file query.csv (CSV, C-alpha atoms and all ligand atoms)
chain,number,residue,atom,x,y,z
A,19,MET,CA,48.2,90.9,-164.1
A,20,PRO,CA,48.0,93.2,-167.2
A,21,LYS,CA,46.8,91.3,-170.3
A,22,SER,CA,49.3,91.1,-173.1
A,23,PRO,CA,48.0,92.5,-176.4
A,24,PHE,CA,47.3,90.0,-179.1
A,25,PRO,CA,50.4,90.1,-181.2
A,26,ALA,CA,48.8,90.6,-184.7
A,27,ARG,CA,46.3,93.0,-186.2
A,28,LEU,CA,43.7,90.4,-187.0
A,29,PRO,CA,42.4,88.0,-184.3
A,30,LEU,CA,43.2,84.9,-186.4
A,31,VAL,CA,46.0,82.4,-185.8
A,32,GLN,CA,47.1,80.0,-188.5
A,33,ALA,CA,47.6,76.9,-186.3
A,34,PRO,CA,51.0,75.4,-185.8
A,35,MET,CA,51.0,72.2,-187.8
A,36,ALA,CA,54.2,70.1,-187.5
A,37,GLY,CA,55.2,68.9,-190.9
A,38,VAL,CA,52.9,71.2,-192.8
A,39,THR,CA,53.6,74.8,-191.7
A,40,THR,CA,56.4,76.0,-193.9
A,41,PRO,CA,58.2,79.3,-193.4
A,42,GLU,CA,56.5,80.6,-196.6
A,43,LEU,CA,53.0,79.8,-195.1
A,44,VAL,CA,53.9,81.4,-191.7
A,45,ALA,CA,55.3,84.5,-193.4
A,46,ALA,CA,52.4,84.9,-195.8
A,47,VAL,CA,49.8,84.7,-193.0
A,48,SER,CA,51.6,87.2,-190.8
A,49,GLU,CA,52.1,89.5,-193.8
A,50,ALA,CA,48.3,89.4,-194.3
A,51,GLY,CA,47.8,90.6,-190.8
A,52,ALA,CA,47.0,87.4,-188.9
A,53,LEU,CA,49.4,85.4,-186.7
A,54,GLY,CA,51.3,82.8,-188.7
A,55,SER,CA,52.8,80.0,-186.7
A,56,LEU,CA,55.4,77.3,-187.2
A,57,GLY,CA,54.8,73.8,-185.8
A,58,ALA,CA,58.4,73.1,-184.7
A,59,GLY,CA,57.7,70.1,-182.5
A,60,TYR,CA,59.6,67.7,-184.8
A,61,LEU,CA,62.4,70.1,-186.0
A,62,SER,CA,66.0,69.7,-185.0
A,63,ALA,CA,67.6,72.9,-183.5
A,64,GLU,CA,69.5,73.5,-186.8
A,65,ARG,CA,66.4,73.2,-188.9
A,66,LEU,CA,64.4,75.3,-186.5
A,67,ALA,CA,67.1,78.1,-186.7
A,68,ALA,CA,67.1,77.9,-190.5
A,69,ASP,CA,63.3,78.1,-190.7
A,70,LEU,CA,63.2,81.1,-188.4
A,71,LYS,CA,65.9,82.9,-190.5
A,72,ARG,CA,63.8,82.2,-193.6
A,73,ILE,CA,60.6,83.5,-192.0
A,74,ARG,CA,62.5,86.7,-191.0
A,75,GLN,CA,63.8,87.1,-194.5
A,76,LEU,CA,60.2,87.0,-195.8
A,77,THR,CA,58.5,89.2,-193.2
A,78,PRO,CA,59.2,91.6,-190.4
A,79,GLN,CA,55.7,90.8,-188.9
A,80,PRO,CA,55.2,88.9,-185.6
A,81,PHE,CA,54.8,85.1,-185.7
A,82,MET,CA,54.5,82.2,-183.2
A,83,VAL,CA,56.4,79.0,-182.8
A,84,ASN,CA,55.0,75.8,-181.2
A,85,LEU,CA,56.9,73.1,-179.4
A,86,PHE,CA,55.8,69.7,-177.9
A,87,VAL,CA,56.6,69.4,-174.2
A,88,PRO,CA,58.3,65.9,-174.0
A,89,ASP,CA,57.2,63.0,-171.7
A,90,PRO,CA,59.9,60.9,-170.2
A,91,GLU,CA,61.5,58.6,-172.8
A,92,PRO,CA,59.0,55.7,-173.3
A,93,GLN,CA,59.9,52.2,-172.2
A,94,PHE,CA,58.7,49.1,-174.1
A,95,SER,CA,59.7,45.5,-174.4
A,96,ALA,CA,61.0,43.6,-177.5
A,97,ASP,CA,57.7,41.8,-177.6
A,98,GLU,CA,55.8,45.1,-177.7
A,99,LEU,CA,58.0,46.3,-180.5
A,100,ASN,CA,57.4,43.1,-182.4
A,101,ALA,CA,53.6,43.4,-181.9
A,102,ALA,CA,53.7,47.0,-183.3
A,103,LEU,CA,55.7,45.9,-186.3
A,104,THR,CA,53.3,43.0,-186.9
A,105,ALA,CA,50.5,45.5,-186.9
A,106,LEU,CA,52.4,47.5,-189.6
A,107,GLN,CA,53.2,44.4,-191.7
A,108,PRO,CA,50.4,45.1,-194.3
A,109,MET,CA,51.9,48.6,-194.8
A,110,LEU,CA,55.4,47.1,-195.2
A,111,ASN,CA,54.1,44.5,-197.7
A,112,ASP,CA,52.1,47.1,-199.6
A,113,LEU,CA,55.0,49.5,-199.9
A,114,GLN,CA,57.6,46.7,-200.4
A,115,LEU,CA,59.7,47.8,-197.4
A,116,PRO,CA,61.8,45.7,-195.0
A,117,ARG,CA,61.0,45.9,-191.2
A,118,PRO,CA,62.5,49.3,-190.0
A,119,THR,CA,64.9,49.5,-187.1
A,120,LEU,CA,64.2,51.7,-184.2
A,121,ALA,CA,66.7,53.4,-181.8
A,122,PRO,CA,66.4,56.3,-179.4
A,123,PRO,CA,66.3,59.3,-179.3
A,124,TYR,CA,62.7,59.2,-180.8
A,125,ALA,CA,62.2,62.9,-180.8
A,126,ALA,CA,64.1,66.2,-181.4
A,127,ASP,CA,65.9,67.6,-178.3
A,128,PHE,CA,63.5,69.9,-176.5
A,129,GLY,CA,66.4,71.7,-174.6
A,130,ASP,CA,68.1,72.5,-177.9
A,131,GLN,CA,64.8,73.7,-179.4
A,132,LEU,CA,64.3,76.0,-176.4
A,133,CYS,CA,67.8,77.5,-176.7
A,134,VAL,CA,67.1,78.5,-180.3
A,135,LEU,CA,63.8,80.1,-179.4
A,136,LEU,CA,65.2,81.9,-176.4
A,137,GLU,CA,67.9,83.4,-178.7
A,138,GLU,CA,65.5,84.2,-181.6
A,139,ALA,CA,62.6,85.6,-179.5
A,140,PRO,CA,59.5,85.1,-181.7
A,141,ALA,CA,56.5,87.2,-180.7
A,142,ALA,CA,54.9,84.1,-179.1
A,143,VAL,CA,55.6,80.5,-178.3
A,144,SER,CA,52.9,77.9,-177.7
A,145,PHE,CA,53.3,74.6,-175.9
A,146,THR,CA,51.4,71.4,-176.5
A,147,PHE,CA,51.2,68.0,-174.8
A,148,GLY,CA,52.0,69.3,-171.4
A,149,LEU,CA,53.2,72.3,-169.4
A,150,PRO,CA,56.8,73.7,-169.5
A,151,ASP,CA,58.7,74.5,-166.3
A,152,THR,CA,57.9,77.9,-164.9
A,153,ASP,CA,61.5,79.1,-165.3
A,154,ILE,CA,61.2,78.4,-169.0
A,155,MET,CA,58.0,80.4,-169.2
A,156,ARG,CA,59.5,83.3,-167.2
A,157,ALA,CA,62.6,83.3,-169.5
A,158,PHE,CA,60.4,83.8,-172.5
A,159,GLN,CA,58.1,86.4,-170.9
A,160,ALA,CA,61.1,88.4,-169.5
A,161,GLN,CA,62.3,88.9,-173.1
A,162,GLY,CA,58.9,89.9,-174.4
A,163,THR,CA,57.9,86.5,-176.0
A,164,GLN,CA,54.3,85.6,-175.1
A,165,VAL,CA,53.7,82.1,-173.8
A,166,TRP,CA,50.5,80.3,-174.8
A,167,LEU,CA,49.6,76.9,-173.3
A,168,THR,CA,47.3,74.4,-175.1
A,169,VAL,CA,44.6,72.8,-173.0
A,170,THR,CA,41.6,70.5,-173.8
A,171,SER,CA,39.6,70.7,-170.5
A,172,LEU,CA,38.8,73.0,-167.6
A,173,GLU,CA,41.0,70.9,-165.3
A,174,GLU,CA,44.0,71.3,-167.7
A,175,GLY,CA,43.2,75.0,-168.0
A,176,GLU,CA,43.3,75.4,-164.2
A,177,GLN,CA,46.8,73.8,-164.0
A,178,ALA,CA,47.9,76.0,-167.0
A,179,ALA,CA,46.5,79.2,-165.6
A,180,ALA,CA,48.4,78.8,-162.4
A,181,LEU,CA,51.6,79.3,-164.4
A,182,HIS,CA,50.3,82.8,-165.6
A,183,PRO,CA,50.6,82.3,-169.4
A,184,ASP,CA,49.7,85.1,-171.8
A,185,ALA,CA,46.9,83.0,-173.3
A,186,LEU,CA,45.3,79.6,-173.1
A,187,VAL,CA,44.7,77.7,-176.4
A,188,ALA,CA,41.4,75.9,-176.0
A,189,GLN,CA,41.5,72.9,-178.2
A,190,GLY,CA,38.0,71.4,-178.7
A,191,ARG,CA,36.9,68.0,-179.8
A,192,ALA,CA,36.6,68.8,-183.5
A,193,ALA,CA,40.3,69.8,-183.9
A,194,GLY,CA,42.5,68.1,-186.5
A,195,GLY,CA,45.9,66.7,-185.4
A,196,HIS,CA,47.0,65.5,-182.0
A,197,ARG,CA,45.0,66.1,-178.9
A,198,GLY,CA,47.1,69.0,-177.5
A,199,GLY,CA,46.5,68.4,-173.8
A,200,TRP,CA,47.4,65.5,-171.5
A,201,GLN,CA,43.9,64.2,-170.7
A,202,ALA,CA,43.2,61.9,-173.7
A,203,ASP,CA,39.5,61.7,-172.9
A,204,ALA,CA,38.9,65.4,-172.8
A,205,LEU,CA,36.7,66.1,-175.9
A,206,ALA,CA,34.6,69.2,-175.2
A,207,PRO,CA,33.1,71.2,-178.1
A,208,THR,CA,35.3,74.2,-178.9
A,209,VAL,CA,33.0,77.1,-178.0
A,210,GLU,CA,31.8,75.5,-174.8
A,211,LEU,CA,35.4,74.8,-173.7
A,212,THR,CA,36.4,78.4,-174.6
A,213,GLN,CA,33.6,79.8,-172.4
A,214,GLU,CA,34.5,77.5,-169.5
A,215,LEU,CA,38.1,78.6,-169.7
A,216,LEU,CA,37.2,82.3,-169.8
A,217,ALA,CA,36.2,82.0,-166.2
A,218,LEU,CA,39.9,81.6,-165.4
A,219,GLY,CA,40.5,85.2,-166.3
A,220,GLN,CA,43.1,84.5,-169.1
A,221,PRO,CA,42.8,85.4,-172.8
A,222,VAL,CA,41.5,82.2,-174.6
A,223,VAL,CA,42.3,81.3,-178.2
A,224,ALA,CA,39.7,79.0,-179.6
A,225,ALA,CA,40.8,76.0,-181.8
A,226,GLY,CA,38.9,73.2,-183.4
A,227,GLY,CA,36.4,73.0,-186.3
A,228,LEU,CA,36.6,76.7,-187.1
A,229,MET,CA,36.5,76.7,-190.9
A,230,THR,CA,34.4,79.6,-192.1
A,231,PRO,CA,34.1,83.4,-191.5
A,232,GLY,CA,30.9,82.6,-189.5
A,233,ASP,CA,32.7,80.1,-187.3
A,234,ILE,CA,35.4,82.6,-186.5
A,235,ARG,CA,32.9,85.4,-185.8
A,236,ARG,CA,30.9,83.1,-183.4
A,237,ALA,CA,34.1,82.0,-181.5
A,238,LEU,CA,35.0,85.7,-181.0
A,239,GLU,CA,31.5,86.6,-180.0
A,240,ALA,CA,31.7,83.8,-177.4
A,241,GLY,CA,34.7,85.7,-175.9
A,242,ALA,CA,37.7,84.2,-177.6
A,243,ALA,CA,40.6,86.6,-178.0
A,244,ALA,CA,41.3,84.9,-181.4
A,245,ALA,CA,40.5,81.9,-183.5
A,246,GLN,CA,43.2,79.3,-184.3
A,247,CYS,CA,42.5,77.5,-187.6
A,248,GLY,CA,44.5,74.5,-188.8
A,249,THR,CA,42.5,72.4,-191.3
A,250,ALA,CA,41.3,75.5,-193.0
A,251,PHE,CA,45.0,76.2,-194.1
A,252,LEU,CA,45.9,72.7,-195.2
A,253,LEU,CA,45.2,73.5,-198.9
A,254,ALA,CA,46.9,76.9,-198.8
A,255,ARG,CA,49.3,77.1,-201.7
A,256,GLU,CA,52.2,77.9,-199.3
A,257,ALA,CA,51.5,74.9,-197.0
A,258,GLY,CA,53.8,71.9,-197.0
A,259,THR,CA,50.9,69.5,-197.4
A,260,SER,CA,52.1,66.7,-199.7
A,261,ALA,CA,50.5,65.8,-203.0
A,262,PRO,CA,48.7,62.6,-201.8
A,263,TYR,CA,47.6,64.4,-198.6
A,264,ARG,CA,46.1,67.2,-200.8
A,265,GLU,CA,44.4,64.6,-202.9
A,266,ALA,CA,42.8,63.0,-199.9
A,267,LEU,CA,41.6,66.5,-198.7
A,268,GLU,CA,40.2,67.3,-202.1
A,269,GLY,CA,38.2,64.1,-201.7
A,270,ALA,CA,37.0,65.1,-198.3
A,271,ARG,CA,35.8,68.4,-199.7
A,272,ARG,CA,33.2,66.4,-201.6
A,273,GLY,CA,31.8,65.2,-198.2
A,274,GLY,CA,30.4,61.7,-197.5
A,275,GLU,CA,32.7,58.9,-196.3
A,276,ALA,CA,35.8,60.6,-197.7
A,277,ALA,CA,35.3,63.4,-195.1
A,278,MET,CA,35.0,61.1,-192.1
A,279,THR,CA,37.6,61.6,-189.4
A,280,MET,CA,38.5,59.5,-186.4
A,281,LEU,CA,40.8,59.7,-183.4
A,282,THR,CA,43.7,57.3,-183.8
A,283,ARG,CA,47.1,56.4,-182.2
A,284,GLY,CA,48.2,54.5,-185.3
A,285,PRO,CA,50.7,56.9,-186.8
A,286,SER,CA,52.4,58.3,-183.7
A,287,GLY,CA,51.2,56.4,-180.6
A,288,ARG,CA,49.4,59.6,-179.4
A,289,LEU,CA,45.7,60.3,-179.9
A,290,ALA,CA,45.1,62.5,-183.0
A,291,ARG,CA,42.2,63.3,-185.4
A,292,GLY,CA,42.6,62.6,-189.1
A,293,LEU,CA,40.8,61.2,-192.1
A,294,VAL,CA,39.9,57.5,-191.9
A,295,ASN,CA,42.5,55.4,-193.7
A,296,ARG,CA,44.4,52.1,-193.2
A,297,LEU,CA,47.1,53.6,-191.0
A,298,ALA,CA,44.5,55.2,-188.8
A,299,ALA,CA,43.0,51.7,-188.2
A,300,VAL,CA,46.3,50.3,-186.8
A,301,ASP,CA,45.7,50.0,-183.1
A,302,THR,CA,48.6,48.0,-181.7
A,303,VAL,CA,51.2,50.7,-181.2
A,304,LEU,CA,54.3,51.7,-179.2
A,305,PRO,CA,54.0,54.7,-176.9
A,306,TYR,CA,54.5,58.2,-178.3
A,307,PRO,CA,57.0,59.3,-179.6
A,308,ALA,CA,58.5,55.8,-180.3
A,309,GLN,CA,55.6,54.9,-182.7
A,310,ASN,CA,56.0,58.2,-184.5
A,311,ALA,CA,59.7,57.4,-185.0
A,312,LEU,CA,58.9,53.9,-186.1
A,313,THR,CA,56.3,54.9,-188.8
A,314,GLN,CA,58.1,58.1,-189.9
A,315,PRO,CA,60.3,56.5,-192.6
A,316,LEU,CA,57.4,54.4,-193.7
A,317,ARG,CA,55.1,57.4,-194.1
A,318,ALA,CA,57.9,59.2,-196.0
A,319,GLU,CA,58.0,56.3,-198.4
A,320,ALA,CA,54.2,56.2,-198.7
A,321,THR,CA,54.3,59.9,-199.7
A,322,ARG,CA,57.0,59.1,-202.4
A,323,GLN,CA,54.8,56.2,-203.7
A,324,HIS,CA,51.6,58.5,-203.5
A,325,ARG,CA,49.8,56.1,-201.2
A,326,PRO,CA,47.4,58.3,-199.0
A,327,GLU,CA,46.0,55.2,-197.2
A,328,TRP,CA,49.4,54.9,-195.3
A,329,LEU,CA,49.8,58.6,-194.3
A,330,SER,CA,48.8,60.5,-191.2
A,331,LEU,CA,46.0,62.6,-192.8
A,332,TRP,CA,45.4,64.9,-189.9
A,333,ALA,CA,42.2,66.9,-190.4
A,334,GLY,CA,39.4,68.3,-188.2
A,335,GLU,CA,35.8,67.1,-188.0
A,336,GLN,CA,34.7,70.0,-190.3
A,337,VAL,CA,37.1,69.1,-193.1
A,338,ALA,CA,34.2,68.9,-195.7
A,339,GLU,CA,34.0,72.7,-195.4
A,340,LEU,CA,37.5,73.2,-196.8
A,341,THR,CA,37.7,75.7,-199.6
A,342,GLY,CA,39.9,74.8,-202.6
A,343,GLU,CA,43.5,75.7,-203.0
A,344,ARG,CA,44.1,79.4,-202.4
A,345,SER,CA,46.9,81.6,-201.3
A,346,ALA,CA,47.3,82.1,-197.6
A,347,ALA,CA,46.6,85.8,-197.9
A,348,GLU,CA,43.3,85.1,-199.7
A,349,LEU,CA,42.4,82.7,-196.9
A,350,VAL,CA,43.1,85.2,-194.2
A,351,ARG,CA,41.0,87.9,-196.0
A,352,TRP,CA,38.1,85.4,-196.4
A,353,LEU,CA,38.3,83.9,-192.9
A,354,THR,CA,38.2,87.4,-191.3
A,355,SER,CA,35.6,88.9,-193.6
A,356,GLU,CA,32.8,88.9,-191.1
A,357,LEU,CA,34.8,90.6,-188.3
A,401,LIG,C1,48.0,68.7,-189.9
A,401,LIG,C2,47.9,69.2,-188.5
A,401,LIG,C3,49.0,69.3,-187.7
A,401,LIG,C4,48.9,69.8,-186.4
A,401,LIG,N1,50.1,69.9,-185.7
A,401,LIG,C5,50.1,70.6,-184.5
A,401,LIG,C6,51.3,71.0,-183.9
A,401,LIG,O1,52.4,70.7,-184.3
A,401,LIG,N2,51.2,71.6,-182.7
A,401,LIG,C7,49.9,72.0,-182.2
A,401,LIG,O2,49.9,72.6,-181.1
A,401,LIG,N3,48.8,71.7,-182.8
A,401,LIG,C8,48.8,71.0,-184.0
A,401,LIG,N4,47.6,70.8,-184.6
A,401,LIG,C9,46.4,71.2,-184.0
A,401,LIG,C10,46.1,72.7,-184.3
A,401,LIG,O3,46.9,73.5,-183.5
A,401,LIG,C11,44.6,73.0,-183.9
A,401,LIG,O4,44.3,72.7,-182.6
A,401,LIG,C12,43.6,72.4,-184.9
A,401,LIG,O5,44.1,72.4,-186.2
A,401,LIG,C13,42.3,73.1,-184.8
A,401,LIG,O6,41.3,72.4,-185.4
A,401,LIG,P1,40.9,72.5,-187.0
A,401,LIG,O7,42.0,71.6,-187.6
A,401,LIG,O8,39.6,71.9,-187.0
A,401,LIG,O9,41.1,73.9,-187.4
A,401,LIG,C14,47.7,70.2,-185.9
A,401,LIG,C15,46.5,70.1,-186.7
A,401,LIG,C16,46.6,69.6,-188.0
A,401,LIG,C17,45.4,69.6,-188.8

call {"tool": "encode", "arguments": {"input": "query.csv", "output": "structure tokens"}}
result
Amino acid sequence: MPKSPFPARLPLVQAPMAGVTTPELVAAVSEAGALGSLGAGYLSAERLAADLKRIRQLTPQPFMVNLFVPDPEPQFSADELNAALTALQPMLNDLQLPRPTLAPPYAADFGDQLCVLLEEAPAAVSFTFGLPDTDIMRAFQAQGTQVWLTVTSLEEGEQAAALHPDALVAQGRAAGGHRGGWQADALAPTVELTQELLALGQPVVAAGGLMTPGDIRRALEAGAAAAQCGTAFLLAREAGTSAPYREALEGARRGGEAAMTMLTRGPSGRLARGLVNRLAAVDTVLPYPAQNALTQPLRAEATRQHRPEWLSLWAGEQVAELTGERSAAELVRWLTSEL
């Protein structure tokens, strides 16, 4: 099968980060010659369409959009809901909130999101948390949209490669945010995983802990087609990172305890890496995405009250290497300066 060309001039992808990647960030990265990407996993179809329109107003350059492949709707008992709420009681007390109510649907409609993307045809779509059906993949590829599949182990890579994607995104252990595959215990180092996956004969995009020009050069030297950086863009001026989140990241830049990350299911019910805080310590949770829907209004209120201890502070293991607030274009120039 012919390999699809990487859709940007520079082999750097600004990682999709649901809740953080604004149209302004995506457009600024793509304008600077790398591949901007929109984390659209939580967006309604209407909001997704509006964000794509805005990106296109800002740049004619190619960009990527990421979606979460849904699991079947989670089932849980009233007792389990009660236990999850009890675990969140200190947060409710602290923020002076009543117990929230919870009703399905717990996530945006995947079918509606796909309809928007098939119509809008971005340069690439990437999928996380699972594999899309082959007919979905072929529909995108037939219209010239590349399909990238996120994996966290060789076994996941083999299953993904059988679907003939345009690239595999190798998410290593250090990565900030949710584990992007479906094997929660797959925690290989990024460069090792990248090299293992190259044996499958697909282009591999390396993700996880790539924070500096040297990290990116080494990932490419190891055979990656591009480096995908998330945490490195969290303090970009155009990112949607909230004020209390930025403050926690500024603290992490000073290193030490403030830069410690952990894997947690507290905020969403799905394993993710972020800075250690009180919400990350919550370990009685509903299955994803019900826990995410349960904590979402609480986290929004914590943002309003400027209480970083009750936020999902997703960040990769190398967060202490963050540079300070800069424009996305400056970051792209710096990150690619050793290529
Ligand atoms: C705040 C944040 C949100 C993220 N959201 C998504 C997402 O919506 N979809 C996705 O595929 N990956 C998401 N990720 C993971 C990134 O795609 C990528 O794997 C990770 O950022 C790479 O590791 P690094 O953070 O050390 O650069 C997120 C990461 C962060 C830090």

call {"tool": "closest_residue", "arguments": {"input": "query.csv", "among": "A:Ala311, A:Cys247, A:Leu149, A:Val83", "to": "Tyr124 in chain A", "atoms": "all atoms listed in the file"}}
result
A:Ala311

call {"tool": "closest_atom_pairs", "arguments": {"input": "query.csv", "of": "range 167-259 of chain A", "to": "range 274-285 of chain A", "cutoff": "10 Å", "atoms": "all atoms listed in the file", "output": "JSON lines"}}
result
{"residue": "A:Arg191", "atom": "CA", "partner": "A:Leu281", "partner_atom": "CA", "distance": 9.9}
{"residue": "A:Ala192", "atom": "CA", "partner": "A:Thr279", "partner_atom": "CA", "distance": 9.4}
{"residue": "A:Gly194", "atom": "CA", "partner": "A:Thr279", "partner_atom": "CA", "distance": 8.6}
{"residue": "A:Gly195", "atom": "CA", "partner": "A:Leu281", "partner_atom": "CA", "distance": 8.9}
{"residue": "A:His196", "atom": "CA", "partner": "A:Leu281", "partner_atom": "CA", "distance": 8.6}
{"residue": "A:Arg197", "atom": "CA", "partner": "A:Leu281", "partner_atom": "CA", "distance": 8.9}

call {"tool": "residues_near_ligand", "arguments": {"input": "query.csv", "ligand": "ligand LIG 401 (chain A)", "cutoff": "6 Å", "atoms": "all atoms listed in the file", "output": "VMD selection string"}}
result
chain A and resid 33 to 36 57 59 84 146 189 192 to 196 198 225 to 228 247 to 250 332 to 334

call {"tool": "closest_residue", "arguments": {"input": "query.csv", "among": "A:Pro326, A:Pro116, A:Pro122, A:Pro92", "to": "Pro262 in chain A", "atoms": "only C-alpha atoms"}}
result
A:Pro326

call {"tool": "closest_residue", "arguments": {"input": "query.csv", "among": "A:Ala346, A:Ala105, A:Ala58, A:Ala126", "to": "Glu256 in chain A", "atoms": "only C-alpha atoms"}}
result
A:Ala346

call {"tool": "closest_residue", "arguments": {"input": "query.csv", "among": "A:Glu176, A:Glu265, A:Glu356, A:Glu210", "to": "Gly232 in chain A", "atoms": "all atoms listed in the file"}}
result
A:Glu356

call {"tool": "atom_distance", "arguments": {"input": "query.csv", "atom1": "CA of Arg156 in chain A", "atom2": "CA of Leu181 in chain A"}}
result
9.3 Å

call {"tool": "closest_residue", "arguments": {"input": "query.csv", "among": "A:Ala270, A:Ala254, A:Leu135, A:Val47", "to": "Glu335 in chain A", "atoms": "only C-alpha atoms"}}
result
A:Ala270

call {"tool": "residues_around", "arguments": {"input": "query.csv", "residues": "Ser171 in chain A", "least_positions_apart": "2", "cutoff": "9 Å", "atoms": "all atoms listed in the file", "output": "list in words"}}
result
Val169, Glu173, Glu174, Gly175, Glu176, Ala188, Gln189, Gly190, Gly199, Gln201, Ala204, Leu205, Ala206, Leu211, Glu214 and Leu215 of chain A

call {"tool": "atom_distance", "arguments": {"input": "query.csv", "atom1": "CA of Thr321 in chain A", "atom2": "CA of Glu64 in chain A"}}
result
24.1 Å

call {"tool": "closest_residue", "arguments": {"input": "query.csv", "among": "A:Arg288, A:Arg344, A:Arg325, A:Arg351", "to": "Pro231 in chain A", "atoms": "only C-alpha atoms"}}
result
A:Arg351

call {"tool": "atom_distance", "arguments": {"input": "query.csv", "atom1": "CA of Thr313 in chain A", "atom2": "CA of Ser62 in chain A"}}
result
18.1 Å

call {"tool": "axis_aligned_box", "arguments": {"input": "query.csv", "around": "range 187-205 of chain A", "padding_each_side": "8 Å", "output": "JSON"}}
result
{"center_x": 42.0, "center_y": 69.7, "center_z": -178.6, "size_x": 26.8, "size_y": 32.0, "size_z": 31.8}

call {"tool": "residues_around", "arguments": {"input": "query.csv", "residues": "Leu56 in chain A", "least_positions_apart": "5", "cutoff": "10 Å", "atoms": "all atoms listed in the file", "output": "list in words"}}
result
Gln32, Ala33, Pro34, Met35, Ala36, Gly37, Val38, Thr39, Thr40, Pro41, Leu43, Val44, Ala45, Leu66, Asp69, Leu70, Ile73, Phe81, Met82, Val83, Asn84, Leu85, Val143 and Ser144 of chain A

call {"tool": "residues_near_point", "arguments": {"input": "query.csv", "point": "(41.5, 85.0, -174.5)", "cutoff": "12 Å", "atoms": "all atoms listed in the file", "output": "PyMOL selection string"}}
result
chain A and resi 21-24+29+166-167+179+183-188+211-225+237-246

call {"tool": "residues_around", "arguments": {"input": "query.csv", "residues": "Leu304 in chain A", "least_positions_apart": "4", "cutoff": "10 Å", "atoms": "all atoms listed in the file", "output": "CSV table (one decimal) with C-alpha atoms, keeping the file's coordinate frame"}}
result
chain,number,residue,atom,x,y,z
A,92,PRO,CA,59.0,55.7,-173.3
A,93,GLN,CA,59.9,52.2,-172.2
A,94,PHE,CA,58.7,49.1,-174.1
A,95,SER,CA,59.7,45.5,-174.4
A,98,GLU,CA,55.8,45.1,-177.7
A,99,LEU,CA,58.0,46.3,-180.5
A,100,ASN,CA,57.4,43.1,-182.4
A,101,ALA,CA,53.6,43.4,-181.9
A,102,ALA,CA,53.7,47.0,-183.3
A,103,LEU,CA,55.7,45.9,-186.3
A,283,ARG,CA,47.1,56.4,-182.2
A,284,GLY,CA,48.2,54.5,-185.3
A,285,PRO,CA,50.7,56.9,-186.8
A,286,SER,CA,52.4,58.3,-183.7
A,287,GLY,CA,51.2,56.4,-180.6
A,288,ARG,CA,49.4,59.6,-179.4
A,308,ALA,CA,58.5,55.8,-180.3
A,309,GLN,CA,55.6,54.9,-182.7
A,310,ASN,CA,56.0,58.2,-184.5
A,311,ALA,CA,59.7,57.4,-185.0
A,312,LEU,CA,58.9,53.9,-186.1

call {"tool": "residues_near_point", "arguments": {"input": "query.csv", "point": "(63.9, 81.9, -179.2)", "cutoff": "10 Å", "atoms": "all atoms listed in the file", "output": "PDB file with C-alpha atoms, keeping the file's coordinate frame"}}
result
ATOM      1  CA  LEU A  66      64.400  75.300-186.500  1.00  0.00           C
ATOM      2  CA  ALA A  67      67.100  78.100-186.700  1.00  0.00           C
ATOM      3  CA  LEU A  70      63.200  81.100-188.400  1.00  0.00           C
ATOM      4  CA  VAL A  83      56.400  79.000-182.800  1.00  0.00           C
ATOM      5  CA  GLN A 131      64.800  73.700-179.400  1.00  0.00           C
ATOM      6  CA  LEU A 132      64.300  76.000-176.400  1.00  0.00           C
ATOM      7  CA  CYS A 133      67.800  77.500-176.700  1.00  0.00           C
ATOM      8  CA  VAL A 134      67.100  78.500-180.300  1.00  0.00           C
ATOM      9  CA  LEU A 135      63.800  80.100-179.400  1.00  0.00           C
ATOM     10  CA  LEU A 136      65.200  81.900-176.400  1.00  0.00           C
ATOM     11  CA  GLU A 137      67.900  83.400-178.700  1.00  0.00           C
ATOM     12  CA  GLU A 138      65.500  84.200-181.600  1.00  0.00           C
ATOM     13  CA  ALA A 139      62.600  85.600-179.500  1.00  0.00           C
ATOM     14  CA  PRO A 140      59.500  85.100-181.700  1.00  0.00           C
ATOM     15  CA  ALA A 141      56.500  87.200-180.700  1.00  0.00           C
ATOM     16  CA  ALA A 142      54.900  84.100-179.100  1.00  0.00           C
ATOM     17  CA  VAL A 143      55.600  80.500-178.300  1.00  0.00           C
ATOM     18  CA  ALA A 157      62.600  83.300-169.500  1.00  0.00           C
ATOM     19  CA  PHE A 158      60.400  83.800-172.500  1.00  0.00           C
ATOM     20  CA  GLN A 161      62.300  88.900-173.100  1.00  0.00           C
ATOM     21  CA  THR A 163      57.900  86.500-176.000  1.00  0.00           C
TER      22      THR A 163
END

call {"tool": "build_atoms", "arguments": {"input": "query.csv", "residues": "range 185-189 of chain A", "atoms": "N, CA and C atoms", "output": "PDB file, keeping the file's coordinate frame"}}
result
ATOM      1  N   ALA A 185      48.209  83.435-172.791  1.00  0.00           N
ATOM      2  CA  ALA A 185      46.900  83.000-173.300  1.00  0.00           C
ATOM      3  C   ALA A 185      46.814  81.458-173.130  1.00  0.00           C
ATOM      4  N   LEU A 186      45.568  81.001-173.077  1.00  0.00           N
ATOM      5  CA  LEU A 186      45.300  79.600-173.100  1.00  0.00           C
ATOM      6  C   LEU A 186      44.773  79.258-174.519  1.00  0.00           C
ATOM      7  N   VAL A 187      45.253  78.186-175.131  1.00  0.00           N
ATOM      8  CA  VAL A 187      44.700  77.700-176.400  1.00  0.00           C
ATOM      9  C   VAL A 187      43.707  76.619-176.069  1.00  0.00           C
ATOM     10  N   ALA A 188      42.417  76.875-176.308  1.00  0.00           N
ATOM     11  CA  ALA A 188      41.400  75.900-176.000  1.00  0.00           C
ATOM     12  C   ALA A 188      41.164  75.005-177.185  1.00  0.00           C
ATOM     13  N   GLN A 189      41.622  73.762-177.106  1.00  0.00           N
ATOM     14  CA  GLN A 189      41.500  72.900-178.200  1.00  0.00           C
ATOM     15  C   GLN A 189      40.253  71.968-178.033  1.00  0.00           C
TER      16      GLN A 189
END
